[in-house]
$ cat model09.cif   # mmCIF, C-alpha atoms (C1' of nucleotides)
data_structure
loop_
_atom_site.label_atom_id
_atom_site.label_comp_id
_atom_site.auth_asym_id
_atom_site.auth_seq_id
_atom_site.Cartn_x
_atom_site.Cartn_y
_atom_site.Cartn_z
CA MET O 1 -20.00 1.70 -7.11
CA ARG O 2 -17.74 3.91 -9.17
CA GLY O 3 -14.87 2.77 -11.36
CA MET O 4 -12.38 0.55 -9.67
CA GLU O 5 -9.26 2.38 -8.46
CA PRO O 6 -6.49 -0.20 -8.35
CA ILE O 7 -4.21 2.02 -6.28
CA ASP O 8 -6.80 2.43 -3.54
CA ILE O 9 -7.44 -1.29 -3.59
CA PHE O 10 -3.75 -2.09 -3.30
CA LYS O 11 -3.45 0.36 -0.41
CA ALA O 12 -6.36 -1.29 1.32
CA LEU O 13 -4.69 -4.68 0.87
CA SER O 14 -1.32 -3.41 2.16
CA ASN O 15 -2.18 -4.20 5.74
CA GLU O 16 -2.08 -7.59 7.39
CA THR O 17 -5.30 -7.13 9.35
CA ARG O 18 -7.32 -5.76 6.45
CA LEU O 19 -6.10 -8.53 4.19
CA SER O 20 -7.12 -11.08 6.81
CA ILE O 21 -10.56 -9.56 7.17
CA LEU O 22 -11.12 -9.92 3.44
CA GLN O 23 -10.04 -13.54 3.61
CA TRP O 24 -12.14 -14.31 6.68
CA LEU O 25 -15.17 -12.97 4.88
CA LYS O 26 -14.66 -15.56 2.17
CA GLU O 27 -15.93 -18.14 4.62
CA PRO O 28 -17.84 -16.23 7.27
CA GLU O 29 -19.51 -19.27 8.79
CA LYS O 30 -16.09 -20.82 9.33
CA HIS O 31 -14.40 -17.78 10.86
CA PHE O 32 -17.38 -16.26 12.64
CA PRO O 33 -19.31 -19.13 14.17
CA LYS O 34 -21.75 -16.83 15.97
CA GLN O 35 -22.51 -15.12 12.67
CA GLY O 36 -25.96 -13.67 12.38
CA ALA O 37 -26.78 -14.25 16.03
CA HIS O 38 -28.61 -10.96 16.17
CA LEU O 39 -30.62 -11.42 13.05
CA PRO O 40 -34.17 -12.67 13.11
CA LYS O 41 -34.14 -15.65 10.81
CA GLU O 42 -36.42 -14.12 8.21
CA VAL O 43 -33.73 -11.52 7.51
CA SER O 44 -30.79 -12.65 5.50
CA VAL O 45 -27.54 -10.76 5.24
CA LYS O 46 -25.82 -13.48 3.34
CA GLY O 47 -22.11 -13.51 3.96
CA GLY O 48 -22.31 -10.42 6.11
CA VAL O 49 -20.67 -10.15 9.51
CA CYS O 50 -21.21 -7.37 12.00
CA VAL O 51 -18.49 -4.97 13.06
CA GLY O 52 -18.29 -6.25 16.62
CA ASP O 53 -17.62 -9.83 15.53
CA ILE O 54 -14.94 -8.66 13.12
CA GLN O 55 -13.38 -6.50 15.79
CA GLU O 56 -13.22 -9.36 18.25
CA LYS O 57 -11.46 -11.58 15.75
CA ALA O 58 -9.14 -8.86 14.43
CA ASN O 59 -8.15 -7.79 17.91
CA VAL O 60 -7.84 -4.07 17.24
CA SER O 61 -9.84 -1.22 18.73
CA GLN O 62 -13.40 -0.52 17.73
CA SER O 63 -12.50 2.73 15.99
CA THR O 64 -9.71 1.04 14.11
CA VAL O 65 -11.83 -1.77 12.77
CA SER O 66 -14.53 0.68 11.82
CA GLN O 67 -12.03 2.70 9.84
CA TYR O 68 -10.53 -0.38 8.25
CA LEU O 69 -13.94 -1.49 7.07
CA ASN O 70 -14.68 1.98 5.75
CA THR O 71 -11.39 2.05 3.85
CA MET O 72 -12.12 -1.31 2.29
CA GLN O 73 -15.63 -0.28 1.42
CA LYS O 74 -14.48 2.93 -0.23
CA ALA O 75 -11.98 0.93 -2.22
CA GLY O 76 -14.87 -1.25 -3.34
CA LEU O 77 -13.76 -4.47 -1.69
CA LEU O 78 -16.64 -4.60 0.79
CA GLU O 79 -20.23 -3.52 0.94
CA SER O 80 -22.36 -2.94 4.01
CA VAL O 81 -25.93 -3.39 5.04
CA ARG O 82 -27.30 -1.88 8.18
CA TYR O 83 -29.84 -3.89 10.12
CA GLY O 84 -31.06 -2.24 13.28
CA GLN O 85 -28.09 -1.22 15.34
CA TRP O 86 -25.79 -3.56 13.50
CA THR O 87 -23.86 -3.00 10.32
CA TYR O 88 -23.08 -6.11 8.35
CA TYR O 89 -20.11 -6.10 6.05
CA ARG O 90 -19.57 -8.58 3.29
CA ARG O 91 -17.32 -8.93 0.29
CA ASN O 92 -18.22 -7.19 -2.92
CA GLU O 93 -17.60 -10.17 -5.13
CA GLU O 94 -18.32 -8.25 -8.29
CA VAL O 95 -15.49 -5.81 -7.67
CA ILE O 96 -13.18 -8.52 -6.43
CA SER O 97 -13.61 -10.61 -9.53
CA LYS O 98 -13.14 -7.55 -11.72
CA LEU O 99 -9.95 -6.99 -9.83
CA ALA O 100 -8.82 -10.53 -10.53
CA SER O 101 -9.32 -10.00 -14.27
CA TYR O 102 -7.60 -6.64 -14.07
CA PHE O 103 -4.73 -8.49 -12.52
CA LYS O 104 -4.58 -11.06 -15.25
CA THR O 105 -4.84 -8.62 -18.11
CA GLU O 106 -3.27 -5.38 -16.91
CA ILE O 107 -0.56 -6.40 -14.46
CA MET P 1 13.63 -15.83 -4.82
CA ARG P 2 12.06 -16.36 -1.43
CA GLY P 3 8.39 -16.91 -0.69
CA MET P 4 6.10 -14.30 -2.05
CA GLU P 5 5.02 -11.66 0.49
CA PRO P 6 1.66 -10.36 -0.66
CA ILE P 7 1.75 -7.35 1.65
CA ASP P 8 5.08 -6.17 0.25
CA ILE P 9 3.78 -6.67 -3.25
CA PHE P 10 0.62 -4.70 -2.56
CA LYS P 11 2.71 -1.92 -1.04
CA ALA P 12 4.89 -1.86 -4.11
CA LEU P 13 1.79 -1.61 -6.29
CA SER P 14 0.27 1.18 -4.17
CA ASN P 15 1.99 3.88 -6.14
CA GLU P 16 0.97 5.24 -9.50
CA THR P 17 4.50 5.47 -10.88
CA ARG P 18 5.57 2.02 -9.72
CA LEU P 19 2.41 0.49 -11.10
CA SER P 20 3.04 2.21 -14.42
CA ILE P 21 6.61 0.96 -14.55
CA LEU P 22 5.39 -2.60 -14.13
CA GLN P 23 2.91 -2.10 -16.93
CA TRP P 24 5.41 -0.40 -19.23
CA LEU P 25 7.69 -3.37 -18.81
CA LYS P 26 5.00 -5.64 -20.19
CA GLU P 27 5.75 -4.17 -23.60
CA PRO P 28 9.21 -2.66 -23.36
CA GLU P 29 9.69 -2.23 -27.10
CA LYS P 30 6.49 -0.21 -27.21
CA HIS P 31 7.21 2.05 -24.25
CA PHE P 32 10.97 2.27 -24.56
CA PRO P 33 11.76 2.58 -28.25
CA LYS P 34 15.49 3.10 -27.66
CA GLN P 35 15.57 -0.10 -25.61
CA GLY P 36 18.87 -1.91 -25.60
CA ALA P 37 20.68 0.87 -27.40
CA HIS P 38 23.75 0.30 -25.26
CA LEU P 39 23.88 -3.43 -25.67
CA PRO P 40 26.13 -5.12 -28.17
CA LYS P 41 23.80 -7.27 -30.20
CA GLU P 42 25.26 -10.57 -29.07
CA VAL P 43 24.08 -9.80 -25.54
CA SER P 44 20.41 -10.20 -24.85
CA VAL P 45 18.63 -8.79 -21.86
CA LYS P 46 15.24 -9.77 -23.08
CA GLY P 47 12.55 -7.48 -21.84
CA GLY P 48 15.01 -5.53 -19.74
CA VAL P 49 15.21 -1.77 -19.72
CA CYS P 50 17.95 0.31 -18.12
CA VAL P 51 17.35 2.63 -15.19
CA GLY P 52 18.01 5.80 -17.15
CA ASP P 53 15.36 5.01 -19.75
CA ILE P 54 12.85 4.19 -17.05
CA GLN P 55 13.71 7.36 -15.20
CA GLU P 56 13.22 9.50 -18.27
CA LYS P 57 9.78 8.03 -18.88
CA ALA P 58 8.73 8.06 -15.21
CA ASN P 59 9.84 11.62 -14.77
CA VAL P 60 11.09 11.33 -11.20
CA SER P 61 14.59 11.83 -9.87
CA GLN P 62 17.32 9.30 -10.44
CA SER P 63 17.46 8.31 -6.78
CA THR P 64 13.72 7.90 -6.65
CA VAL P 65 13.52 5.62 -9.65
CA SER P 66 16.43 3.60 -8.33
CA GLN P 67 14.62 3.13 -5.04
CA TYR P 68 11.35 2.29 -6.76
CA LEU P 69 13.04 -0.40 -8.79
CA ASN P 70 14.74 -1.77 -5.72
CA THR P 71 11.45 -1.89 -3.83
CA MET P 72 9.80 -3.73 -6.67
CA GLN P 73 12.69 -6.12 -6.96
CA LYS P 74 12.65 -6.90 -3.25
CA ALA P 75 8.93 -7.54 -3.50
CA GLY P 76 9.74 -9.99 -6.30
CA LEU P 77 8.00 -8.15 -9.11
CA LEU P 78 11.19 -7.33 -11.00
CA GLU P 79 14.58 -8.83 -11.53
CA SER P 80 17.74 -7.09 -12.63
CA VAL P 81 20.77 -7.87 -14.72
CA ARG P 82 23.81 -5.69 -14.76
CA TYR P 83 25.62 -5.25 -18.02
CA GLY P 84 28.61 -2.97 -17.86
CA GLN P 85 27.60 0.27 -16.31
CA TRP P 86 23.93 -0.34 -16.96
CA THR P 87 21.42 -2.22 -14.89
CA TYR P 88 18.55 -3.73 -16.83
CA TYR P 89 15.29 -4.36 -15.04
CA ARG P 90 12.60 -6.65 -16.31
CA ARG P 91 9.48 -8.25 -14.95
CA ASN P 92 9.71 -11.44 -12.97
CA GLU P 93 6.94 -13.22 -14.78
CA GLU P 94 7.15 -16.26 -12.56
CA VAL P 95 6.34 -14.28 -9.43
CA ILE P 96 3.74 -12.21 -11.22
CA SER P 97 1.84 -15.23 -12.41
CA LYS P 98 2.06 -16.80 -8.96
CA LEU P 99 0.57 -13.58 -7.69
CA ALA P 100 -2.27 -13.82 -10.16
CA SER P 101 -3.13 -17.32 -8.92
CA TYR P 102 -2.78 -16.20 -5.33
CA PHE P 103 -5.29 -13.55 -6.18
CA LYS P 104 -7.73 -15.96 -7.70
CA THR P 105 -7.53 -18.51 -4.92
CA GLU P 106 -6.76 -16.56 -1.76
CA ILE P 107 -8.38 -13.18 -2.21
"C1'" DT I 1 -37.66 9.26 28.46
"C1'" DC I 2 -33.47 7.06 29.65
"C1'" DA I 3 -29.81 3.75 29.84
"C1'" DT I 4 -27.54 0.54 26.96
"C1'" DT I 5 -25.46 -1.21 23.00
"C1'" DA I 6 -23.41 -0.91 18.19
"C1'" DT I 7 -21.11 1.75 15.09
"C1'" DA I 8 -19.09 6.02 13.16
"C1'" DT I 9 -16.40 10.06 13.42
"C1'" DC I 10 -12.99 13.27 15.36
"C1'" DT I 11 -8.45 14.27 16.99
"C1'" DA I 12 -3.81 13.59 17.68
"C1'" DG I 13 0.69 11.47 18.68
"C1'" DA I 14 3.60 7.82 16.79
"C1'" DT I 15 5.29 5.52 12.96
"C1'" DT I 16 6.10 4.80 8.13
"C1'" DT I 17 6.52 6.24 3.52
"C1'" DT I 18 7.80 9.50 0.04
"C1'" DC I 19 11.05 11.65 -2.65
"C1'" DC I 20 14.70 14.52 -3.17
"C1'" DG I 21 19.71 16.33 -3.22
"C1'" DA I 22 24.15 14.91 -2.00
"C1'" DT I 23 27.39 11.57 -2.14
"C1'" DA I 24 29.39 6.96 -2.95
"C1'" DT I 25 30.38 3.11 -5.96
"C1'" DG I 26 31.34 0.98 -10.14
"C1'" DT I 27 32.50 0.89 -15.11
"C1'" DC I 28 34.48 2.48 -19.17
"C1'" DA I 29 37.40 5.02 -22.35
"C1'" DA I 30 41.05 8.19 -23.22
"C1'" DT K 1 45.42 7.42 -13.81
"C1'" DT K 2 41.61 10.38 -14.64
"C1'" DG K 3 37.21 12.08 -16.03
"C1'" DA K 4 32.67 11.04 -17.46
"C1'" DC K 5 28.72 8.48 -17.03
"C1'" DA K 6 25.20 5.00 -14.83
"C1'" DT K 7 23.42 3.49 -10.84
"C1'" DA K 8 23.09 2.84 -5.76
"C1'" DT K 9 22.93 4.46 -1.23
"C1'" DC K 10 22.56 7.91 2.46
"C1'" DG K 11 20.24 11.36 5.19
"C1'" DG K 12 16.48 14.01 6.12
"C1'" DA K 13 12.26 17.06 5.72
"C1'" DA K 14 7.56 16.64 4.44
"C1'" DA K 15 3.54 13.96 3.77
"C1'" DA K 16 0.74 10.05 4.57
"C1'" DT K 17 -0.77 6.31 7.32
"C1'" DC K 18 -1.66 3.96 11.64
"C1'" DT K 19 -4.11 3.39 15.68
"C1'" DA K 20 -6.13 4.57 19.77
"C1'" DG K 21 -9.14 7.20 23.06
"C1'" DA K 22 -12.81 10.38 23.30
"C1'" DT K 23 -16.97 11.62 21.65
"C1'" DA K 24 -21.06 11.61 18.53
"C1'" DT K 25 -24.86 9.23 16.40
"C1'" DA K 26 -28.35 5.86 16.01
"C1'" DA K 27 -31.23 2.09 17.43
"C1'" DT K 28 -33.22 -0.70 21.09
"C1'" DG K 29 -35.74 -1.95 25.00
"C1'" DA K 30 -37.23 -1.03 29.75
#
$ encode --input "model09.cif" --output "structure tokens"
Amino acid sequence: MRGMEPIDIFKALSNETRLSILQWLKEPEKHFPKQGAHLPKEVSVKGGVCVGDIQEKANVSQSTVSQYLNTMQKAGLLESVRYGQWTYYRRNEEVISKLASYFKTEI
Amino acid sequence: MRGMEPIDIFKALSNETRLSILQWLKEPEKHFPKQGAHLPKEVSVKGGVCVGDIQEKANVSQSTVSQYLNTMQKAGLLESVRYGQWTYYRRNEEVISKLASYFKTEI
DNA sequence: TCATTATATCTAGATTTTCCGATATGTCAA
DNA sequence: TTGACATATCGGAAAATCTAGATATAATGA
């Protein structure tokens, strides 16, 4: 994780769907009831949701959601873990809380 | 001032120059030494800086800075006061602090 | 090995944003 | 009035972003 780039983060947040995804991932169990269905229970991807589940909820094409998630990851808002054929995305709380302080002090 | 629209705010912040303007206006006396030069001293436009001074510092065309300021005002980040032939822009601290709480609680 | 499933990447047309020069509007002072 | 100055708005070419379909990659299981 390189230094936070506020501009890239703001660009990532400048889209209704991407902003929603970030908010959904605050409470994955609430917004993605089937969460973790594919995971054997000894594996934990805490807070992570797979691309397909996010796509279904976001209601955009598969390529679009994949690109959205990539954009958000490059901005630092999300991180991903691959497990088998699934990629689980979750919030990068460290960056997000840095962003909140940036907001308070710099904006 | 209508309800805050986070997306519009993030769009407004997704530009290096606009973001700088917002930050410059945190400390106008520091970044705009000639601040208020046109104002008779009985008139106070506290924290406000005129378009020309902002343009000079931002180093973009007059029409561009005017549009930037308008964008930021529509997003709620700035407010303007006209005095004679000058328009003074300053931060809308109320909206900005609402935004900071929005950030903490919703993002 | 092969078919299937999940995700990523490539490509491109449509849409939006950027940013300027030109021009309009508004204010002041002579 | 008129001319000079400050700012706003208009119009448009270029650049960036959006979003999807097509295709590639990777993992799984039969």
$ closest_atom_pairs --input "model09.cif" --of "chain P" --to "chain I" --cutoff "10 Å" --atoms "all atoms listed in the file" --output "JSON lines"
{"residue": "P:Val60", "atom": "CA", "partner": "I:DC19", "partner_atom": "C1'", "distance": 8.6}
{"residue": "P:Ser61", "atom": "CA", "partner": "I:DC20", "partner_atom": "C1'", "distance": 7.2}
{"residue": "P:Gln62", "atom": "CA", "partner": "I:DC20", "partner_atom": "C1'", "distance": 9.3}
{"residue": "P:Ser63", "atom": "CA", "partner": "I:DC20", "partner_atom": "C1'", "distance": 7.7}
{"residue": "P:Thr64", "atom": "CA", "partner": "I:DC19", "partner_atom": "C1'", "distance": 6.1}
{"residue": "P:Val65", "atom": "CA", "partner": "I:DC19", "partner_atom": "C1'", "distance": 9.6}
{"residue": "P:Gln67", "atom": "CA", "partner": "I:DC19", "partner_atom": "C1'", "distance": 9.5}
{"residue": "P:Tyr83", "atom": "CA", "partner": "I:DT27", "partner_atom": "C1'", "distance": 9.7}
{"residue": "P:Gly84", "atom": "CA", "partner": "I:DT27", "partner_atom": "C1'", "distance": 6.1}
{"residue": "P:Gln85", "atom": "CA", "partner": "I:DT27", "partner_atom": "C1'", "distance": 5.1}
{"residue": "P:Trp86", "atom": "CA", "partner": "I:DT27", "partner_atom": "C1'", "distance": 8.9}
$ write_last_selection --input "model09.cif" --atoms "C-alpha atoms" --output "mmCIF file, in the frame of the given file"
data_model
loop_
_atom_site.group_PDB
_atom_site.id
_atom_site.type_symbol
_atom_site.label_atom_id
_atom_site.label_comp_id
_atom_site.auth_asym_id
_atom_site.auth_seq_id
_atom_site.Cartn_x
_atom_site.Cartn_y
_atom_site.Cartn_z
ATOM 1 C CA VAL P 60 11.090 11.330 -11.200
ATOM 2 C CA SER P 61 14.590 11.830 -9.870
ATOM 3 C CA GLN P 62 17.320 9.300 -10.440
ATOM 4 C CA SER P 63 17.460 8.310 -6.780
ATOM 5 C CA THR P 64 13.720 7.900 -6.650
ATOM 6 C CA VAL P 65 13.520 5.620 -9.650
ATOM 7 C CA GLN P 67 14.620 3.130 -5.040
ATOM 8 C CA TYR P 83 25.620 -5.250 -18.020
ATOM 9 C CA GLY P 84 28.610 -2.970 -17.860
ATOM 10 C CA GLN P 85 27.600 0.270 -16.310
ATOM 11 C CA TRP P 86 23.930 -0.340 -16.960
#
$ resolve_selection --input "model09.cif" --expression "the PyMOL selection byres ((chain K) within 9 of (chain P))" --output "list in words"
DC5, DA6, DT7, DA8 and DT9 of chain K
$ interface_residues --input "model09.cif" --of "chain O" --to "chain P" --cutoff "12 Å" --atoms "all atoms listed in the file" --output "VMD selection string"
chain O and resid 5 to 27 77 91 to 93 95 to 107
$ atom_distance --input "model09.cif" --atom1 "atom C1' of K:DG21" --atom2 "atom CA of O:Leu78"
26.3 Å
$ atom_distance --input "model09.cif" --atom1 "atom CA of O:Phe32" --atom2 "atom CA of O:Asn59"
13.6 Å
$ decode --input "model09.cif" --residues "stretch 2-30 of chain I" --atoms "C-alpha atoms (C1' of nucleotides)" --output "CSV table (one decimal), in the first residue's frame"
chain,number,residue,atom,x,y,z
I,2,DC,C1',-12.4,-31.3,-20.7
I,3,DA,C1',-16.4,-28.6,-19.5
I,4,DT,C1',-17.8,-25.3,-16.2
I,5,DT,C1',-17.5,-21.5,-13.2
I,6,DA,C1',-15.3,-17.1,-11.4
I,7,DT,C1',-12.8,-13.3,-12.3
I,8,DA,C1',-9.8,-10.3,-15.1
I,9,DT,C1',-8.6,-7.9,-19.2
I,10,DC,C1',-9.2,-5.9,-23.8
I,11,DT,C1',-11.7,-3.0,-27.0
I,12,DA,C1',-14.7,0.4,-28.3
I,13,DG,C1',-18.7,3.4,-28.7
I,14,DA,C1',-21.3,6.6,-25.8
I,15,DT,C1',-21.3,10.0,-22.4
I,16,DT,C1',-19.2,13.3,-19.4
I,17,DT,C1',-15.7,16.3,-18.0
I,18,DT,C1',-12.1,19.5,-18.9
I,19,DC,C1',-10.6,23.9,-20.0
I,20,DC,C1',-10.1,27.4,-23.1
I,21,DG,C1',-11.2,31.7,-26.0
I,22,DA,C1',-14.9,34.6,-27.0
I,23,DT,C1',-18.5,37.1,-25.5
I,24,DA,C1',-21.9,38.9,-22.2
I,25,DT,C1',-23.1,41.1,-17.9
I,26,DG,C1',-22.4,44.1,-14.2
I,27,DT,C1',-20.0,47.8,-11.6
I,28,DC,C1',-17.5,51.8,-11.2
I,29,DA,C1',-15.2,56.2,-12.2
I,30,DA,C1',-14.3,59.9,-15.3
